[in-house]
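Enquirer: Okay, handing you the structure first.
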Amino acid sequence: MEIHQLEMLRELGALGSVKAVADTLLVTPSAVSQQLAQLQKSVDVPLTRKEGRNLVLTEAGQVLADAGAAVVSAMADARMAIGAYHGSMLAPVTVSGFHSAGQALFAPLARLLDGPDKPSVRLFDEDVAQHDFPALTARYDLVLAHRMDHSPRWPEERVAVIPLAHEPLDVALPAGHRLAGQAFLEPDDVVGEPWVTSRTGYSPADVLSAVAAVSSRELNIVHRINDYSTVAALVAAGGVIGLLPRHTARPVLNENIVLRPLRGISTRRRIDILARPENLKRASVTVVCEALQDIMAGLVHA
């Protein structure tokens, strides 16, 4: 029993002939007859009867037509509701972000969208390995994700990708470190230093593995910390160096830390928004996307 079949039955009761139904619905009379025949197969009592040359409703057919009218009306209300939801600038939007993105973007986003005419944004932190980011789009409208340049691309056949930034990871040094006066650093300069880095599978560990490979030397990893604010605090305390993202680490930097570019290896990560394509059709989601792009652009050009 299909909605369009019930609609045809309803119109037959109102108009009194298959031809009139066909003319009203802009289909052929044979199409109307076929759909009514399919509907008849789904019930055990006759829905129509011949009256002269016309096909009219039986009492059972009229009962079903009346019920069908209610169904058609409910579907129209549902379509109107979903249309209003898609078009609403105020519909809630869920956003997940990995830690450094959340530290840099969430507070400015909340401030920017704080108003009665703005979407309601619900923020979540999700710091996962690169290959797990696309799956988060099943739980959140927008997912802030990162990957290194040399790592596999996002599965664009399954998720939409909106680029936000192409961000280097810089060497973070205590302000008094012997290397702090250099304009840039090479892998051989830093490979033997005591390091605080992330767990395996995350961007800093990937970059540090490349440092070891280029230098053909063993690393001295003292701490495994994923949270950049903790990394920054350990670097500022002295005794270790680390890797911090150039733009999104700004909230955790202070005068006791200096950042220096690392040359000779790929250190850039891509920060992207991932989303289910259907979510990007919602007006409120579009507003939040544009706000994130504006905030990130301000960080990059600061």
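Residue numbering restarts at 1 for every chain of the structure tokens, chains are lettered A, B, ... in their displayed order, and ligands are numbered from 1 as they appear.
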Which residues are near Phe106 of chain A? Cut-off 9 Å, only C-alpha atoms, ignore same chain within fewer than 6 positions. Put them as a ChimeraX atom specification.
Expert: /A:97,123,292
Enquirer: Could you pull out all residues of segment 126-167 of chain A with a DSSP call of strand (DSSP E or B) and give them as a list in words?
Expert: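 Residues meeting the strand (DSSP E or B) criterion: Leu142, Val143, Leu144, Ala145, His146, Arg147, Met148, Ala160, Val161, Ile162, Pro163, Leu164, Ala165, His166 and Glu167 of chain A.
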Enquirer: Mind dumping the selected residues with all heavy atoms as a short mmCIF file (atom, residue, chain, number, x, y, z; two decimals), in the first residue's frame?
Expert:
data_model
loop_
_atom_site.label_atom_id
_atom_site.label_comp_id
_atom_site.auth_asym_id
_atom_site.auth_seq_id
_atom_site.Cartn_x
_atom_site.Cartn_y
_atom_site.Cartn_z
N LEU A 142 28.88 18.07 11.92
CA LEU A 142 30.16 18.51 11.39
C LEU A 142 31.28 17.90 12.23
O LEU A 142 31.19 17.89 13.46
CB LEU A 142 30.28 20.03 11.41
CG LEU A 142 29.24 20.82 10.60
CD1 LEU A 142 29.37 22.31 10.87
CD2 LEU A 142 29.39 20.53 9.11
N VAL A 143 32.31 17.43 11.55
CA VAL A 143 33.44 16.80 12.24
C VAL A 143 34.72 17.52 11.82
O VAL A 143 35.07 17.53 10.63
CB VAL A 143 33.54 15.30 11.90
CG1 VAL A 143 34.80 14.69 12.50
CG2 VAL A 143 32.29 14.56 12.39
N LEU A 144 35.40 18.13 12.78
CA LEU A 144 36.72 18.71 12.51
C LEU A 144 37.74 17.58 12.56
O LEU A 144 37.88 16.90 13.58
CB LEU A 144 37.05 19.78 13.55
CG LEU A 144 36.15 21.02 13.51
CD1 LEU A 144 36.38 21.88 14.74
CD2 LEU A 144 36.39 21.81 12.25
N ALA A 145 38.46 17.40 11.45
CA ALA A 145 39.38 16.28 11.32
C ALA A 145 40.72 16.77 10.80
O ALA A 145 40.80 17.83 10.17
CB ALA A 145 38.80 15.22 10.38
N HIS A 146 41.77 15.99 11.06
CA HIS A 146 43.09 16.36 10.54
C HIS A 146 43.79 15.13 9.98
O HIS A 146 43.56 14.00 10.44
CB HIS A 146 43.95 17.02 11.63
CG HIS A 146 44.26 16.12 12.79
ND1 HIS A 146 45.36 15.28 12.81
CD2 HIS A 146 43.61 15.92 13.96
CE1 HIS A 146 45.37 14.61 13.95
NE2 HIS A 146 44.32 14.97 14.67
N ARG A 147 44.64 15.36 9.01
CA ARG A 147 45.48 14.30 8.45
C ARG A 147 46.75 14.93 7.90
O ARG A 147 46.75 16.09 7.49
CB ARG A 147 44.75 13.52 7.35
CG ARG A 147 44.48 14.32 6.08
CD ARG A 147 43.88 13.44 4.98
NE ARG A 147 43.69 14.18 3.74
CZ ARG A 147 44.64 14.35 2.81
NH1 ARG A 147 45.85 13.83 3.01
NH2 ARG A 147 44.40 15.04 1.72
N MET A 148 47.83 14.17 7.90
CA MET A 148 49.08 14.65 7.32
C MET A 148 48.99 14.62 5.80
O MET A 148 48.22 13.85 5.21
CB MET A 148 50.24 13.79 7.80
CG MET A 148 50.48 13.82 9.31
SD MET A 148 50.74 15.49 9.96
CE MET A 148 52.33 15.92 9.21
N ALA A 160 31.50 14.44 2.64
CA ALA A 160 31.90 15.70 2.03
C ALA A 160 33.06 16.28 2.81
O ALA A 160 33.15 16.12 4.03
CB ALA A 160 30.72 16.67 2.02
N VAL A 161 33.98 16.95 2.11
CA VAL A 161 35.19 17.49 2.72
C VAL A 161 35.27 18.99 2.44
O VAL A 161 35.27 19.41 1.28
CB VAL A 161 36.46 16.79 2.18
CG1 VAL A 161 37.71 17.38 2.84
CG2 VAL A 161 36.37 15.29 2.41
N ILE A 162 35.34 19.79 3.50
CA ILE A 162 35.49 21.24 3.37
C ILE A 162 36.82 21.62 3.99
O ILE A 162 37.01 21.52 5.21
CB ILE A 162 34.34 21.97 4.09
CG1 ILE A 162 32.99 21.55 3.50
CG2 ILE A 162 34.53 23.48 3.99
CD1 ILE A 162 31.80 22.08 4.27
N PRO A 163 37.80 22.05 3.17
CA PRO A 163 39.12 22.40 3.72
C PRO A 163 39.05 23.62 4.65
O PRO A 163 38.35 24.59 4.36
CB PRO A 163 39.96 22.71 2.47
CG PRO A 163 39.22 22.07 1.34
CD PRO A 163 37.76 22.15 1.71
N LEU A 164 39.78 23.55 5.75
CA LEU A 164 39.87 24.68 6.67
C LEU A 164 41.26 25.30 6.71
O LEU A 164 41.40 26.51 6.68
CB LEU A 164 39.50 24.23 8.10
CG LEU A 164 38.04 24.27 8.53
CD1 LEU A 164 37.93 23.98 10.01
CD2 LEU A 164 37.40 25.61 8.21
N ALA A 165 42.31 24.47 6.80
CA ALA A 165 43.66 25.01 6.92
C ALA A 165 44.68 23.96 6.49
O ALA A 165 44.40 22.76 6.50
CB ALA A 165 43.94 25.45 8.35
N HIS A 166 45.84 24.45 6.10
CA HIS A 166 46.99 23.60 5.77
C HIS A 166 48.09 24.05 6.73
O HIS A 166 48.82 25.00 6.46
CB HIS A 166 47.38 23.81 4.30
CG HIS A 166 48.29 22.78 3.77
ND1 HIS A 166 49.10 22.99 2.67
CD2 HIS A 166 48.54 21.50 4.15
CE1 HIS A 166 49.79 21.91 2.41
NE2 HIS A 166 49.47 20.99 3.30
N GLU A 167 48.18 23.37 7.86
CA GLU A 167 48.92 23.88 9.01
C GLU A 167 50.22 23.12 9.27
O GLU A 167 50.21 21.90 9.40
CB GLU A 167 48.02 23.79 10.25
CG GLU A 167 48.66 24.30 11.52
CD GLU A 167 47.73 24.19 12.71
OE1 GLU A 167 47.05 23.15 12.84
OE2 GLU A 167 47.68 25.14 13.51
#
Enquirer: Can you list, as a ChimeraX atom specification, every protein, DNA or RNA residue that comes within 10 Å of segment 217-227 of chain A when you count only C-alpha atoms, leaving out same-chain residues fewer than 2 positions away?
Expert: /A:98-100,127,187-188,190-200,202-205,208-209,211-215,229-232,234,239-242
Enquirer: Could you write those residues out with N, CA, C and O atoms, as a short mmCIF file (atom, residue, chain, number, x, y, z; two decimals), in the first residue's frame?
Expert:
data_model
loop_
_atom_site.label_atom_id
_atom_site.label_comp_id
_atom_site.auth_asym_id
_atom_site.auth_seq_id
_atom_site.Cartn_x
_atom_site.Cartn_y
_atom_site.Cartn_z
N PHE A 98 38.79 17.64 17.28
CA PHE A 98 39.95 17.10 18.00
C PHE A 98 40.49 18.20 18.92
O PHE A 98 40.13 19.37 18.80
N HIS A 99 41.36 17.83 19.86
CA HIS A 99 41.66 18.71 20.97
C HIS A 99 42.19 20.08 20.56
O HIS A 99 41.69 21.11 21.04
N SER A 100 43.19 20.13 19.71
CA SER A 100 43.76 21.45 19.39
C SER A 100 42.78 22.30 18.60
O SER A 100 42.75 23.53 18.77
N ASP A 127 39.06 13.15 19.85
CA ASP A 127 40.42 13.06 19.31
C ASP A 127 40.70 11.60 19.00
O ASP A 127 40.96 10.80 19.90
N PRO A 187 66.17 18.27 10.71
CA PRO A 187 66.03 17.04 11.50
C PRO A 187 67.27 16.70 12.32
O PRO A 187 67.16 16.28 13.48
N ASP A 188 68.46 16.88 11.75
CA ASP A 188 69.69 16.56 12.49
C ASP A 188 69.87 17.45 13.72
O ASP A 188 70.56 17.05 14.67
N VAL A 190 67.55 18.32 15.82
CA VAL A 190 66.64 18.02 16.93
C VAL A 190 66.47 16.53 17.23
O VAL A 190 65.89 16.18 18.26
N VAL A 191 66.97 15.67 16.37
CA VAL A 191 66.68 14.25 16.53
C VAL A 191 67.18 13.69 17.86
O VAL A 191 66.55 12.81 18.47
N GLY A 192 68.27 14.20 18.36
CA GLY A 192 68.83 13.67 19.61
C GLY A 192 68.28 14.30 20.87
O GLY A 192 68.65 13.90 21.98
N GLU A 193 67.39 15.29 20.73
CA GLU A 193 66.85 15.98 21.90
C GLU A 193 65.82 15.09 22.64
O GLU A 193 65.21 14.22 22.03
N PRO A 194 65.62 15.31 23.92
CA PRO A 194 64.53 14.62 24.63
C PRO A 194 63.19 15.19 24.17
O PRO A 194 63.01 16.41 24.13
N TRP A 195 62.25 14.31 23.83
CA TRP A 195 61.00 14.72 23.20
C TRP A 195 59.78 14.38 24.04
O TRP A 195 59.73 13.37 24.73
N VAL A 196 58.78 15.23 23.93
CA VAL A 196 57.41 14.89 24.29
C VAL A 196 56.63 14.86 22.98
O VAL A 196 56.68 15.81 22.20
N THR A 197 55.97 13.75 22.72
CA THR A 197 55.23 13.63 21.47
C THR A 197 53.94 12.85 21.72
O THR A 197 53.67 12.41 22.83
N SER A 198 53.16 12.71 20.67
CA SER A 198 51.86 12.04 20.79
C SER A 198 52.02 10.53 20.76
O SER A 198 53.10 9.98 20.49
N ARG A 199 50.92 9.86 20.99
CA ARG A 199 50.89 8.41 20.81
C ARG A 199 50.99 8.08 19.33
O ARG A 199 50.68 8.92 18.46
N THR A 200 51.40 6.87 19.03
CA THR A 200 51.51 6.42 17.64
C THR A 200 50.16 6.52 16.94
O THR A 200 49.12 6.22 17.53
N TYR A 202 49.10 9.43 15.55
CA TYR A 202 48.70 10.83 15.53
C TYR A 202 49.81 11.67 14.88
O TYR A 202 50.96 11.25 14.78
N SER A 203 49.44 12.89 14.47
CA SER A 203 50.32 13.70 13.62
C SER A 203 51.72 13.93 14.19
O SER A 203 52.71 13.73 13.47
N PRO A 204 51.89 14.36 15.45
CA PRO A 204 53.25 14.60 15.94
C PRO A 204 54.13 13.36 15.88
O PRO A 204 55.32 13.44 15.52
N ALA A 205 53.57 12.20 16.22
CA ALA A 205 54.36 10.97 16.15
C ALA A 205 54.76 10.66 14.72
O ALA A 205 55.87 10.17 14.46
N LEU A 208 57.66 12.96 13.86
CA LEU A 208 58.87 12.57 14.56
C LEU A 208 59.47 11.30 13.98
O LEU A 208 60.71 11.15 13.93
N SER A 209 58.64 10.40 13.50
CA SER A 209 59.15 9.20 12.83
C SER A 209 59.92 9.59 11.57
O SER A 209 60.95 8.98 11.25
N VAL A 211 61.51 12.43 11.18
CA VAL A 211 62.76 13.02 11.67
C VAL A 211 63.79 11.91 11.89
O VAL A 211 64.96 12.03 11.48
N ALA A 212 63.38 10.85 12.52
CA ALA A 212 64.29 9.73 12.79
C ALA A 212 64.74 9.07 11.49
O ALA A 212 65.92 8.72 11.33
N ALA A 213 63.80 8.91 10.54
CA ALA A 213 64.13 8.24 9.29
C ALA A 213 65.13 9.07 8.47
O ALA A 213 66.10 8.52 7.93
N VAL A 214 64.92 10.38 8.40
CA VAL A 214 65.82 11.24 7.63
C VAL A 214 67.20 11.30 8.27
O VAL A 214 68.23 11.32 7.59
N SER A 215 67.23 11.31 9.61
CA SER A 215 68.50 11.43 10.32
C SER A 215 69.20 10.10 10.54
O SER A 215 70.37 10.07 10.91
N SER A 229 47.98 21.26 25.26
CA SER A 229 48.19 22.16 26.40
C SER A 229 49.18 21.54 27.39
O SER A 229 50.03 22.24 27.96
N THR A 230 49.11 20.23 27.57
CA THR A 230 50.07 19.55 28.45
C THR A 230 51.45 19.53 27.82
O THR A 230 52.46 19.73 28.51
N VAL A 231 51.51 19.30 26.50
CA VAL A 231 52.79 19.36 25.78
C VAL A 231 53.43 20.73 25.97
O VAL A 231 54.63 20.84 26.28
N ALA A 232 52.63 21.78 25.78
CA ALA A 232 53.16 23.14 25.92
C ALA A 232 53.67 23.38 27.33
O ALA A 232 54.73 23.99 27.53
N LEU A 234 54.85 21.18 29.46
CA LEU A 234 56.09 20.44 29.67
C LEU A 234 57.27 21.11 28.96
O LEU A 234 58.38 21.17 29.50
N GLY A 239 63.51 20.92 29.71
CA GLY A 239 63.85 19.50 29.79
C GLY A 239 63.43 18.69 28.58
O GLY A 239 64.02 17.64 28.31
N VAL A 240 62.40 19.14 27.85
CA VAL A 240 61.97 18.43 26.63
C VAL A 240 61.59 19.45 25.57
O VAL A 240 61.32 20.62 25.86
N ILE A 241 61.59 18.98 24.32
CA ILE A 241 61.04 19.77 23.23
C ILE A 241 59.88 18.97 22.64
O ILE A 241 59.70 17.78 22.92
N GLY A 242 59.07 19.63 21.83
CA GLY A 242 57.91 18.96 21.27
C GLY A 242 57.55 19.51 19.91
O GLY A 242 58.31 20.27 19.31
#
Enquirer: So which one's closest to Arg263 of chain A, A:Gly13, A:Pro168, A:Pro134, A:Gly298? Using only C-alpha atoms, please.
Expert: A:Pro168
Enquirer: Pick out the residues sitting within 10 Å of Arg49 of chain A, and hand them over as a ChimeraX atom specification; count only C-alpha atoms, and ignore anything fewer than 4 positions along from it in its own chain.
Expert: /A:54-58,61
Enquirer: With only C-alpha atoms as the counted atoms, please give the residues lying no more than 9 Å from Leu64 of chain A, apart from itself and same-chain residues fewer than 3 positions off, as a PyMOL selection string.
Expert: chain A and resi 6+9-10+47+59-61+67-69
Enquirer: Counting only C-alpha atoms, which residue out of A:Ala180, A:Leu173, A:Leu259, A:Ala249 sits closest to Ala236 of chain A?
Expert: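 Closest to Ala236 of chain A of all the choices is A:Leu173.
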Enquirer: For atom CA of Gly264 of chain A and atom CA of Glu186 of chain A, determine how far apart the two atoms are, in Å to one decimal place.
Expert: 6.3 Å
Enquirer: Could you tell me how far atom CA of Val45 of chain A sits from atom CA of Val21 of chain A, in Å to one decimal place?
Expert: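 Value for the atom CA of Val21 of chain A-atom CA of Val45 of chain A distance: 21.9 Å.
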Enquirer: Measuring atom to atom with only C-alpha atoms, identify which of A:Thr248, A:Gln293, A:Ser33, A:Gln103 is nearest to Leu169 of chain A.
Expert: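 Of the candidates, the smallest distance to Leu169 of chain A is held by A:Thr248.
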Enquirer: Taking the DSSP assignment computed from this structure's backbone, write out as a ChimeraX atom specification all residues of segment 3-124 of chain A that belong to alpha helix (DSSP H).
Expert: /A:3-15,18-25,29-41,59-87,99-112
